[in-house]
Amino acid sequence: SDDTLRVEGHEEIFYTNRETAPLSEVCIRLYPELLGIPMAVSGVRLNGAEVAHSSEPGVLWVRLDPPLEPGTTAVVGMDFSLTVATGETAGYGLLRLSDDILSLSFVLPMVAVFNEEGWALEPPAPHGDLVFSDASFFLVRVSAPEALTLVASGTEIERGADGERQEVTFAAGPARDFFLAASRRFVEHTETVGDVAVHSYTVPEFSETSLRAVEIAGNALGILEPMLGDYPYNELDIVTTDLDALGMEYPGIFAIALPLFEPESSLYPPVYLEATLVHELAHQWFFNLVGNDPAQEPWLDEALAQFATLSYFEQAYGLPGREGFLQSLHDRWQRVGGAPIPVGMPATAYTLQEYGAIVYGRGPLFVDELRRSLGVPAFESFLQDYVRSNRWGIATTQEFQALAEDHCGCSLAVLFEDWIGPE
Ligand SMILES: [Zn+2]
């Protein structure tokens, strides 16, 4: 209904300057505008008072006068609203109501990352991921029609009712984003693995696949945690949406395209579902726990998520599992004829076809090659160290290489030059 399509919110951002110099402005990203969905922002305030601000598509600049000193905090408040798209739309159907399922990606205005070059606002490629953010804590109170089942990042900590509406508060964090999906039709399946409750939400006719999904995700947690360190939350949600891509990662939750859950799908054999579930789960480490700039260095999360998927198939099914997934990576790379296009380029430097073939195909083959170069024990301790030392931070290719070189006590310049490309 119209009630579901209209999103209105008030947000307060507690922003601490963690840089070494004072900041004279704070840059807030309005991601829906990058998907072609306009966002209205009003009532912008700094520490409760009206403040000078300006905007351009996708970005809101708020003046900090006097400048915000390192270690001090400012509170930026604003009202925002947008109307969710229905039917065909740009941006993989991330912000859309379709098939009775509402997908609310990136609706909260979020502070951009400030790095050596200043505010990181590199325009994302149409084929790449959008969100580049520091980890933060989210406390989100949602008011929605009571018939909707709400699925979100984090944990539900409070619930009340107001007439025909439910009021639910979610706490999430540390996390790089907050995602919410909602539907009147969702049914839930749960499996608990260690201290993590894995929930899957889908439409009733796909219940059987949903049971399989929580089982696969549970097994994958059991394989990825020893390899990469603990999953950072005690809840993991899987939700089917009408996504144009096969899957999409968010903190503590990921979306899987509905057709992958369709029983006996003629389009997608079951291994597609398994590979997609594991890939999206692996993003909990590579994207959320360890951040990276998806516009500048998309391989850092995508190729590592693919490599984690390769490791999953190897450990779950032995050599045939490894060889099967390895073959799929070679097949991907062959979509550009196996051309030695560098893995480490910005997303916009690739065509759509190259992006899939190189970042998702050649990229994990590079990581596998790195494992061979370092030897398995050194590689395994490197990978754990990479996750541990960049936990809730932002990693770069340069740091990735330097750390790998630390672990082998060797120079990897030639290997990185051959695969990742010139520095
Ligand atoms: Zn991915």
# chains A, B, ... in the order shown; residues from 1 in each chain; ligands from 1
call {"tool": "residues_around", "arguments": {"residues": "range 276-283 of chain A", "least_positions_apart": "5", "cutoff": "6 Å", "atoms": "only C-alpha atoms", "output": "list in words"}}
result
Glu249, Ala305, Gln306 and Thr309 of chain A
call {"tool": "write_last_selection", "arguments": {"atoms": "C-alpha atoms", "output": "compact mmCIF listing (two decimals), in the first residue's frame"}}
result
# COMPACT_ATOMS: atom_id res chain seq x y z
CA GLU A 249 25.09 -8.41 1.79
CA ALA A 305 34.16 -13.66 -0.34
CA GLN A 306 34.60 -15.84 -3.43
CA THR A 309 33.27 -19.87 -0.83
call {"tool": "closest_atom_pairs", "arguments": {"of": "chain A", "to": "ligand 1", "cutoff": "12 Å", "atoms": "only C-alpha atoms and all ligand atoms", "output": "Markdown table"}}
result
| residue | atom | partner | partner_atom_place_in_ligand_line | distance |
| --- | --- | --- | --- | --- |
| A:His127 | CA | ligand 1 | 1 (Zn) | 11.2 |
| A:Gly128 | CA | ligand 1 | 1 (Zn) | 9.1 |
| A:Asp129 | CA | ligand 1 | 1 (Zn) | 8.3 |
| A:Leu130 | CA | ligand 1 | 1 (Zn) | 11.7 |
| A:Ala245 | CA | ligand 1 | 1 (Zn) | 9.8 |
| A:Leu246 | CA | ligand 1 | 1 (Zn) | 9.4 |
| A:Gly247 | CA | ligand 1 | 1 (Zn) | 7.5 |
| A:Met248 | CA | ligand 1 | 1 (Zn) | 6.7 |
| A:Glu249 | CA | ligand 1 | 1 (Zn) | 6.9 |
| A:Tyr250 | CA | ligand 1 | 1 (Zn) | 10.3 |
| A:Phe254 | CA | ligand 1 | 1 (Zn) | 10.4 |
| A:Ala255 | CA | ligand 1 | 1 (Zn) | 11.2 |
| A:Ile256 | CA | ligand 1 | 1 (Zn) | 11.5 |
| A:Ala275 | CA | ligand 1 | 1 (Zn) | 10.9 |
| A:Thr276 | CA | ligand 1 | 1 (Zn) | 8.6 |
| A:Leu277 | CA | ligand 1 | 1 (Zn) | 10.2 |
| A:Val278 | CA | ligand 1 | 1 (Zn) | 9.9 |
| A:His279 | CA | ligand 1 | 1 (Zn) | 6.2 |
| A:Glu280 | CA | ligand 1 | 1 (Zn) | 6.0 |
| A:Leu281 | CA | ligand 1 | 1 (Zn) | 9.2 |
| A:Ala282 | CA | ligand 1 | 1 (Zn) | 8.4 |
| A:His283 | CA | ligand 1 | 1 (Zn) | 6.6 |
| A:Gln284 | CA | ligand 1 | 1 (Zn) | 10.2 |
| A:Trp285 | CA | ligand 1 | 1 (Zn) | 11.3 |
| A:Phe286 | CA | ligand 1 | 1 (Zn) | 9.0 |
| A:Phe287 | CA | ligand 1 | 1 (Zn) | 8.8 |
| A:Asn288 | CA | ligand 1 | 1 (Zn) | 11.6 |
| A:Pro294 | CA | ligand 1 | 1 (Zn) | 10.2 |
| A:Pro298 | CA | ligand 1 | 1 (Zn) | 9.2 |
| A:Trp299 | CA | ligand 1 | 1 (Zn) | 9.4 |
| A:Leu300 | CA | ligand 1 | 1 (Zn) | 10.2 |
| A:Asp301 | CA | ligand 1 | 1 (Zn) | 7.0 |
| A:Glu302 | CA | ligand 1 | 1 (Zn) | 4.8 |
| A:Ala303 | CA | ligand 1 | 1 (Zn) | 8.0 |
| A:Leu304 | CA | ligand 1 | 1 (Zn) | 9.0 |
| A:Ala305 | CA | ligand 1 | 1 (Zn) | 6.4 |
| A:Gln306 | CA | ligand 1 | 1 (Zn) | 7.6 |
| A:Phe307 | CA | ligand 1 | 1 (Zn) | 11.0 |
| A:Ala308 | CA | ligand 1 | 1 (Zn) | 11.1 |
| A:Thr309 | CA | ligand 1 | 1 (Zn) | 10.7 |
| A:Tyr355 | CA | ligand 1 | 1 (Zn) | 11.7 |
| A:Gly356 | CA | ligand 1 | 1 (Zn) | 10.3 |
| A:Val359 | CA | ligand 1 | 1 (Zn) | 9.7 |
| A:Tyr360 | CA | ligand 1 | 1 (Zn) | 8.1 |
| A:Gly361 | CA | ligand 1 | 1 (Zn) | 11.8 |
| A:Gly363 | CA | ligand 1 | 1 (Zn) | 12.0 |
| A:Pro364 | CA | ligand 1 | 1 (Zn) | 11.8 |
call {"tool": "closest_residue", "arguments": {"among": "A:Thr348, A:Arg45, A:Leu236, A:Leu310", "to": "Ser328 in chain A", "atoms": "only C-alpha atoms"}}
result
A:Leu310
call {"tool": "closest_atom_pairs", "arguments": {"of": "range 244-325 of chain A", "to": "range 135-147 of chain A", "cutoff": "10 Å", "atoms": "only C-alpha atoms", "output": "JSON lines"}}
result
{"residue": "A:Pro251", "atom": "CA", "partner": "A:Ala135", "partner_atom": "CA", "distance": 10.0}
{"residue": "A:Asn288", "atom": "CA", "partner": "A:Ala135", "partner_atom": "CA", "distance": 7.8}
{"residue": "A:Leu289", "atom": "CA", "partner": "A:Ala135", "partner_atom": "CA", "distance": 8.2}
{"residue": "A:Val290", "atom": "CA", "partner": "A:Ala135", "partner_atom": "CA", "distance": 9.4}
{"residue": "A:Gly291", "atom": "CA", "partner": "A:Ala135", "partner_atom": "CA", "distance": 8.2}
call {"tool": "atom_distance", "arguments": {"atom1": "CA of Ile420 in chain A", "atom2": "CA of Arg372 in chain A"}}
result
16.1 Å
call {"tool": "residues_around", "arguments": {"residues": "Pro342 in chain A", "least_positions_apart": "5", "cutoff": "10 Å", "atoms": "only C-alpha atoms", "output": "PyMOL selection string"}}
result
chain A and resi 350+358-359+362-363+416-422
call {"tool": "write_last_selection", "arguments": {"atoms": "C-alpha atoms", "output": "short mmCIF file (atom, residue, chain, number, x, y, z; two decimals), in the first residue's frame"}}
result
data_model
loop_
_atom_site.label_atom_id
_atom_site.label_comp_id
_atom_site.auth_asym_id
_atom_site.auth_seq_id
_atom_site.Cartn_x
_atom_site.Cartn_y
_atom_site.Cartn_z
CA TYR A 350 35.82 -2.41 -15.66
CA ILE A 358 37.90 -10.44 -13.14
CA VAL A 359 36.77 -9.43 -9.65
CA ARG A 362 40.27 -14.09 -11.54
CA GLY A 363 40.26 -12.44 -8.08
CA PHE A 416 50.83 -8.75 -6.89
CA GLU A 417 52.00 -6.97 -10.03
CA ASP A 418 50.97 -9.95 -12.18
CA TRP A 419 47.53 -10.34 -10.67
CA ILE A 420 46.46 -7.19 -8.83
CA GLY A 421 48.20 -4.76 -11.15
CA PRO A 422 50.63 -1.88 -10.81
#
call {"tool": "residues_around", "arguments": {"residues": "Glu205 in chain A", "least_positions_apart": "4", "cutoff": "10 Å", "atoms": "only C-alpha atoms", "output": "ChimeraX atom specification"}}
result
/A:185,187,209-210,261-263
call {"tool": "closest_residue", "arguments": {"among": "A:Asp162, A:Val84, A:Ala125, A:Phe114", "to": "Thr351 in chain A", "atoms": "only C-alpha atoms"}}
result
A:Ala125
call {"tool": "atom_distance", "arguments": {"atom1": "CA of Leu243 in chain A", "atom2": "CA of Glu88 in chain A"}}
result
10.5 Å
call {"tool": "closest_residue", "arguments": {"among": "A:Glu314, A:Gly393, A:Leu35, A:Arg29", "to": "Tyr92 in chain A", "atoms": "only C-alpha atoms"}}
result
A:Leu35
call {"tool": "select_by_dssp", "arguments": {"residues": "range 125-245 of chain A", "states": "strand (DSSP E)", "output": "PyMOL selection string"}}
result
chain A and resi 136-145+149-152+155-162+165-175+180-183+187-193+196-202+235-241
call {"tool": "residues_around", "arguments": {"residues": "range 14-25 of chain A", "least_positions_apart": "6", "cutoff": "8 Å", "atoms": "only C-alpha atoms", "output": "JSON, numbers by chain"}}
result
{"A": [61, 62, 63, 64, 65, 66, 67, 68, 69, 70, 71, 72, 73, 74, 75, 76, 114]}
call {"tool": "write_last_selection", "arguments": {"atoms": "N, CA, C and O atoms", "output": "PDB file, in the first residue's frame"}}
result
ATOM      1  N   TRP A  61      26.294  18.160   2.722  1.00  0.00           N
ATOM      2  CA  TRP A  61      27.434  18.733   3.449  1.00  0.00           C
ATOM      3  C   TRP A  61      26.908  19.570   4.604  1.00  0.00           C
ATOM      4  O   TRP A  61      26.069  20.437   4.409  1.00  0.00           O
ATOM      5  N   VAL A  62      27.415  19.324   5.797  1.00  0.00           N
ATOM      6  CA  VAL A  62      26.993  20.107   6.956  1.00  0.00           C
ATOM      7  C   VAL A  62      28.209  20.858   7.494  1.00  0.00           C
ATOM      8  O   VAL A  62      29.249  20.252   7.783  1.00  0.00           O
ATOM      9  N   ARG A  63      28.082  22.186   7.614  1.00  0.00           N
ATOM     10  CA  ARG A  63      29.176  23.025   8.106  1.00  0.00           C
ATOM     11  C   ARG A  63      29.413  22.793   9.592  1.00  0.00           C
ATOM     12  O   ARG A  63      28.467  22.733  10.377  1.00  0.00           O
ATOM     13  N   LEU A  64      30.672  22.675   9.976  1.00  0.00           N
ATOM     14  CA  LEU A  64      31.031  22.558  11.384  1.00  0.00           C
ATOM     15  C   LEU A  64      31.799  23.827  11.740  1.00  0.00           C
ATOM     16  O   LEU A  64      32.962  23.982  11.382  1.00  0.00           O
ATOM     17  N   ASP A  65      31.110  24.758  12.381  1.00  0.00           N
ATOM     18  CA  ASP A  65      31.723  26.052  12.673  1.00  0.00           C
ATOM     19  C   ASP A  65      31.443  26.391  14.127  1.00  0.00           C
ATOM     20  O   ASP A  65      30.291  26.665  14.472  1.00  0.00           O
ATOM     21  N   PRO A  66      32.407  26.357  15.022  1.00  0.00           N
ATOM     22  CA  PRO A  66      33.831  26.140  14.770  1.00  0.00           C
ATOM     23  C   PRO A  66      34.114  24.695  14.360  1.00  0.00           C
ATOM     24  O   PRO A  66      33.295  23.816  14.623  1.00  0.00           O
ATOM     25  N   PRO A  67      35.282  24.458  13.734  1.00  0.00           N
ATOM     26  CA  PRO A  67      35.623  23.102  13.301  1.00  0.00           C
ATOM     27  C   PRO A  67      35.600  22.106  14.468  1.00  0.00           C
ATOM     28  O   PRO A  67      35.841  22.476  15.611  1.00  0.00           O
ATOM     29  N   LEU A  68      35.301  20.869  14.127  1.00  0.00           N
ATOM     30  CA  LEU A  68      35.219  19.800  15.128  1.00  0.00           C
ATOM     31  C   LEU A  68      36.625  19.273  15.410  1.00  0.00           C
ATOM     32  O   LEU A  68      37.292  18.747  14.525  1.00  0.00           O
ATOM     33  N   GLU A  69      37.057  19.435  16.656  1.00  0.00           N
ATOM     34  CA  GLU A  69      38.410  19.011  17.029  1.00  0.00           C
ATOM     35  C   GLU A  69      38.488  17.486  17.105  1.00  0.00           C
ATOM     36  O   GLU A  69      37.490  16.829  17.407  1.00  0.00           O
ATOM     37  N   PRO A  70      39.677  16.935  16.847  1.00  0.00           N
ATOM     38  CA  PRO A  70      39.840  15.479  16.982  1.00  0.00           C
ATOM     39  C   PRO A  70      39.398  15.004  18.361  1.00  0.00           C
ATOM     40  O   PRO A  70      39.661  15.670  19.366  1.00  0.00           O
ATOM     41  N   GLY A  71      38.698  13.901  18.392  1.00  0.00           N
ATOM     42  CA  GLY A  71      38.265  13.315  19.654  1.00  0.00           C
ATOM     43  C   GLY A  71      36.973  13.896  20.197  1.00  0.00           C
ATOM     44  O   GLY A  71      36.458  13.422  21.204  1.00  0.00           O
ATOM     45  N   THR A  72      36.444  14.926  19.545  1.00  0.00           N
ATOM     46  CA  THR A  72      35.186  15.495  20.032  1.00  0.00           C
ATOM     47  C   THR A  72      34.025  15.071  19.127  1.00  0.00           C
ATOM     48  O   THR A  72      34.223  14.657  17.992  1.00  0.00           O
ATOM     49  N   THR A  73      32.817  15.201  19.676  1.00  0.00           N
ATOM     50  CA  THR A  73      31.633  14.659  19.010  1.00  0.00           C
ATOM     51  C   THR A  73      30.628  15.755  18.684  1.00  0.00           C
ATOM     52  O   THR A  73      30.419  16.661  19.489  1.00  0.00           O
ATOM     53  N   ALA A  74      30.034  15.656  17.509  1.00  0.00           N
ATOM     54  CA  ALA A  74      28.944  16.555  17.125  1.00  0.00           C
ATOM     55  C   ALA A  74      27.707  15.710  16.855  1.00  0.00           C
ATOM     56  O   ALA A  74      27.815  14.559  16.441  1.00  0.00           O
ATOM     57  N   VAL A  75      26.541  16.304  17.114  1.00  0.00           N
ATOM     58  CA  VAL A  75      25.297  15.590  16.820  1.00  0.00           C
ATOM     59  C   VAL A  75      24.618  16.284  15.644  1.00  0.00           C
ATOM     60  O   VAL A  75      24.269  17.458  15.719  1.00  0.00           O
ATOM     61  N   VAL A  76      24.484  15.548  14.554  1.00  0.00           N
ATOM     62  CA  VAL A  76      23.819  16.084  13.369  1.00  0.00           C
ATOM     63  C   VAL A  76      22.438  15.439  13.290  1.00  0.00           C
ATOM     64  O   VAL A  76      22.321  14.208  13.291  1.00  0.00           O
ATOM     65  N   PHE A 114      36.256   9.385   5.884  1.00  0.00           N
ATOM     66  CA  PHE A 114      37.297  10.397   5.696  1.00  0.00           C
ATOM     67  C   PHE A 114      38.638   9.684   5.724  1.00  0.00           C
ATOM     68  O   PHE A 114      38.978   9.030   6.702  1.00  0.00           O
TER      69      PHE A 114
END
call {"tool": "residues_around", "arguments": {"residues": "Pro259 in chain A", "least_positions_apart": "6", "cutoff": "12 Å", "atoms": "only C-alpha atoms", "output": "ChimeraX atom specification"}}
result
/A:99,202-203,205-206,209,240-247,265-270,272-273
call {"tool": "residues_around", "arguments": {"residues": "Glu399 in chain A", "least_positions_apart": "5", "cutoff": "10 Å", "atoms": "only C-alpha atoms", "output": "ChimeraX atom specification"}}
result
/A:386,390,394,404-405
call {"tool": "write_last_selection", "arguments": {"atoms": "C-alpha atoms", "output": "PDB file, in the first residue's frame"}}
result
ATOM      1  CA  TYR A 386      44.221  -9.748   8.205  1.00  0.00           C
ATOM      2  CA  ASN A 390      41.455  -4.765  10.385  1.00  0.00           C
ATOM      3  CA  ILE A 394      39.119  -0.280   6.706  1.00  0.00           C
ATOM      4  CA  ALA A 404      51.066 -11.152   3.486  1.00  0.00           C
ATOM      5  CA  GLU A 405      54.757 -10.294   3.016  1.00  0.00           C
TER       6      GLU A 405
END
call {"tool": "closest_residue", "arguments": {"among": "A:Thr86, A:Thr4, A:Ser373, A:Asn292", "to": "Val414 in chain A", "atoms": "only C-alpha atoms"}}
result
A:Ser373
call {"tool": "atom_distance", "arguments": {"atom1": "CA of Glu33 in chain A", "atom2": "CA of Leu94 in chain A"}}
result
12.2 Å
call {"tool": "decode", "arguments": {"residues": "range 212-230 of chain A", "atoms": "C-alpha atoms", "output": "short mmCIF file (atom, residue, chain, number, x, y, z; two decimals), in the first residue's frame"}}
result
data_model
loop_
_atom_site.label_atom_id
_atom_site.label_comp_id
_atom_site.auth_asym_id
_atom_site.auth_seq_id
_atom_site.Cartn_x
_atom_site.Cartn_y
_atom_site.Cartn_z
CA ARG A 212 17.82 -25.96 3.42
CA ALA A 213 19.14 -22.37 3.51
CA VAL A 214 19.45 -22.25 7.31
CA GLU A 215 21.17 -25.63 7.21
CA ILE A 216 23.70 -24.48 4.58
CA ALA A 217 24.33 -21.18 6.36
CA GLY A 218 24.78 -23.04 9.65
CA ASN A 219 27.31 -25.43 8.10
CA ALA A 220 29.09 -22.53 6.43
CA LEU A 221 29.37 -20.70 9.77
CA GLY A 222 31.00 -23.83 11.17
CA ILE A 223 33.56 -23.74 8.35
CA LEU A 224 34.19 -20.00 8.08
CA GLU A 225 34.50 -19.20 11.79
CA PRO A 226 37.60 -21.36 12.41
CA MET A 227 39.12 -19.89 9.24
CA LEU A 228 38.27 -16.19 9.71
CA GLY A 229 37.44 -15.75 13.39
CA ASP A 230 34.07 -15.53 15.12
#
